[in-house]
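Enquirer: I am attaching a structure below and will ask some questions about it afterwards.
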Amino acid sequence: MKVCNKCVLPETYPGIQFDDNGVCNQCRSYSEAETRETHKQFPDGSSLARALQGFKNPNHKYDVLVPLSGGLDSCFTLIQIKETFGLRPLVFHSDHGWDDPTATANVEKLCKELDVDLVIWKNELVFMRKLFRYFNQSRYPELSACHVCGNMLYLNGLELADNFNIPLVVNGYSKGQAAMMHDKDKAQDLYGKMIEIILETGDREFFDIFTKKWQLLEKQVIYNNRSDLESGPLPGKLLFIPFFIFKFYKTQKDKLQQICRERFDWQPIPTSYPASTTNCKMIWLNSWMDLKRRQYTHYHDEYSTLIRAGEMTRQQAIEDLELNPPAGLLKELADEIGLNLDGGNS
Ligand SMILES: [Zn+2]
């Protein structure tokens with residue numbers, strides 16, 4: 001299988017084209033976009049801090065909602081929000097049923113250390129099992145179950161922010177995740193496919209929960225450059241900032257790990273995919289299915305952006321993306337959600 005010489009996107013990636021040097025069109029267009037967008041950025045952390053002061057929410061208890069997975073990126077984000085920017089955060093952690101106890105422990109330790117309020121949101125297991133089953137066996141390989149689940153967890157965050165009158169959500173998304181979010185045409189296309197798949201199941205109850213949640217996106221506005229932030233809050237809207245979008249914050253694991261270990265005894269989760277991330281257990285099955293169905297996971301997409309941004313080497317990405325699930329785990333997870341690993345319903 002052909003893979004880009006600069007990033008890790010394979011020939012099965014939708015719309016990919018390689019030049020004579022084996023470099024993909026995404027890598028070629030990246031440096032152009034990078035130059036074009038430099039003016040949108042804050043020159044340093046202190047100018048960002050000044051802009052964020054405009055988001056204080058004096059009539060309510062919290063200024064900002066910070067989703068926390070327990071991984072390094074989101075933990076670092078929370079520390080910055082509280083201590084560097086002086087905002088009052090409400091922390092949100094999603095436990096959809098396959099969360100690792102080490103991740104939850106990291107979340108609880110950090111919230112205690114920073115003395116901030118924490119909400120742990122447990123999803124309804126029946127709904128989540130169906131979600132993983134429907135999308136791991138759908139006829140659209142470009143529709144990853146992780147993508148659908150990630151959207152649901154994100155929407156839980158928006159719902160919580162909305163309920164607590166918190167106008168701002170700052171999420172520890174890497175530049176790679178932020179780039180994926182900004183591809184609106186792709187997101188729209190995938191949403192249409194999700195609805196198709198759900199309608200085909202005939203599961204009306206699932207459809208109703210799913211589409212009702214999705215309506216919250218109408219309130220969401222993504223803020224990702226200097227002029228957005230300096231324009232301040234938008235009444236009636238939920239503003240979302242992917243924290244690592246700013247140039248001076250880099251998702252460098254070793255540096256973030258040192259900070260988090262010293263600060264609150266952060267612990268890595270014992271086994272994760274991709275290596276050195278803090279993801280849930282279901283990611284093993286979803287990624288295995290994605291590799292089987294389309295030869296890449298959404299991490300190949302994200303890490304390719306990180307390679308282009310100089311935050312990860314190609315070699316590191318290749319090593320981290322190698323999938324070696326613990327023995328018996330795939331079968332165990334597949335049984336939990338009623339998925340036949342050889343295809344179809346079990
Ligand atoms: Zn490439």
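For the structure tokens, the naming scheme is as follows: chains receive sequential letters (A, B, ...) according to their order of presentation, residues are indexed from 1 within each chain, and ligands are indexed from 1 in presentation order.
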Find the nearest atom pair between each residue of chain A and ligand 1 for residues within 6 Å, count only C-alpha atoms and all ligand atoms, give distances in Å to one decimal, sort rows by chain and ascending number, and present the table as CSV.

Expert:
```
residue,atom,partner,partner_atom_place_in_ligand_line,distance
A:Cys4,CA,ligand 1,1 (Zn),4.6
A:Lys6,CA,ligand 1,1 (Zn),5.0
A:Cys7,CA,ligand 1,1 (Zn),4.1
A:Leu9,CA,ligand 1,1 (Zn),5.9
A:Val23,CA,ligand 1,1 (Zn),5.3
A:Cys24,CA,ligand 1,1 (Zn),4.1
A:Gln26,CA,ligand 1,1 (Zn),5.6
A:Cys27,CA,ligand 1,1 (Zn),4.3
```

Enquirer: Which residues are near stretch 187-198 of chain A? Cut-off 7 Å, only C-alpha atoms, ignore same chain within fewer than 5 positions. Put them as a compact mmCIF listing (two decimals) with C-alpha atoms, in the first residue's frame.

Expert:
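Contents of part19.txt, as written:
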```
# COMPACT_ATOMS: atom_id res chain seq x y z
CA SER A 138 -21.81 0.47 8.47
CA LEU A 143 -17.37 6.88 8.97
CA ASP A 203 -34.07 2.34 15.59
CA PHE A 207 -32.41 8.39 16.05
```

Enquirer: So, with only C-alpha atoms as the atoms that count, which of A:Arg226, A:Arg28, A:His298, A:Arg133 lies closest to A:Met180?

Expert: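 Using only C-alpha atoms, A:Met180 sits closest to A:His298.
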
Enquirer: Could you check which of A:Pro14, A:Pro67, A:Pro325, A:Pro58 is closest to A:Tyr140, using only C-alpha atoms?

Expert: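 The closest residue to A:Tyr140 is A:Pro14.
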
Enquirer: Fewer than 3 positions away in the same chain doesn't count, so skip those; otherwise give me all residues within 6 Å of stretch 263-280 of chain A, counting only C-alpha atoms, as a list in words.

Expert: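 The residues that qualify are Gly71, Trp98, Asp99, Asp100, Thr102, Asn106, Leu110, Cys260, Ile283, Asp320 and Leu321 of chain A.
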
Enquirer: Write out, as an mmCIF file, in the first residue's frame, the residues just selected, with C-alpha atoms.

Expert:
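To be explicit, this is the file written out as again.cif:
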```cif
data_model
loop_
_atom_site.group_PDB
_atom_site.id
_atom_site.type_symbol
_atom_site.label_atom_id
_atom_site.label_comp_id
_atom_site.auth_asym_id
_atom_site.auth_seq_id
_atom_site.Cartn_x
_atom_site.Cartn_y
_atom_site.Cartn_z
ATOM 1 C CA GLY A 71 -4.418 12.841 29.118
ATOM 2 C CA TRP A 98 -14.916 1.989 28.575
ATOM 3 C CA ASP A 99 -12.865 4.652 30.308
ATOM 4 C CA ASP A 100 -9.567 3.601 31.918
ATOM 5 C CA THR A 102 -6.017 5.573 35.501
ATOM 6 C CA ASN A 106 -5.649 11.629 36.788
ATOM 7 C CA LEU A 110 -5.725 17.331 39.098
ATOM 8 C CA CYS A 260 1.961 16.983 34.836
ATOM 9 C CA ILE A 283 -10.574 2.613 20.649
ATOM 10 C CA ASP A 320 2.752 5.034 17.738
ATOM 11 C CA LEU A 321 0.175 4.048 15.130
#
```
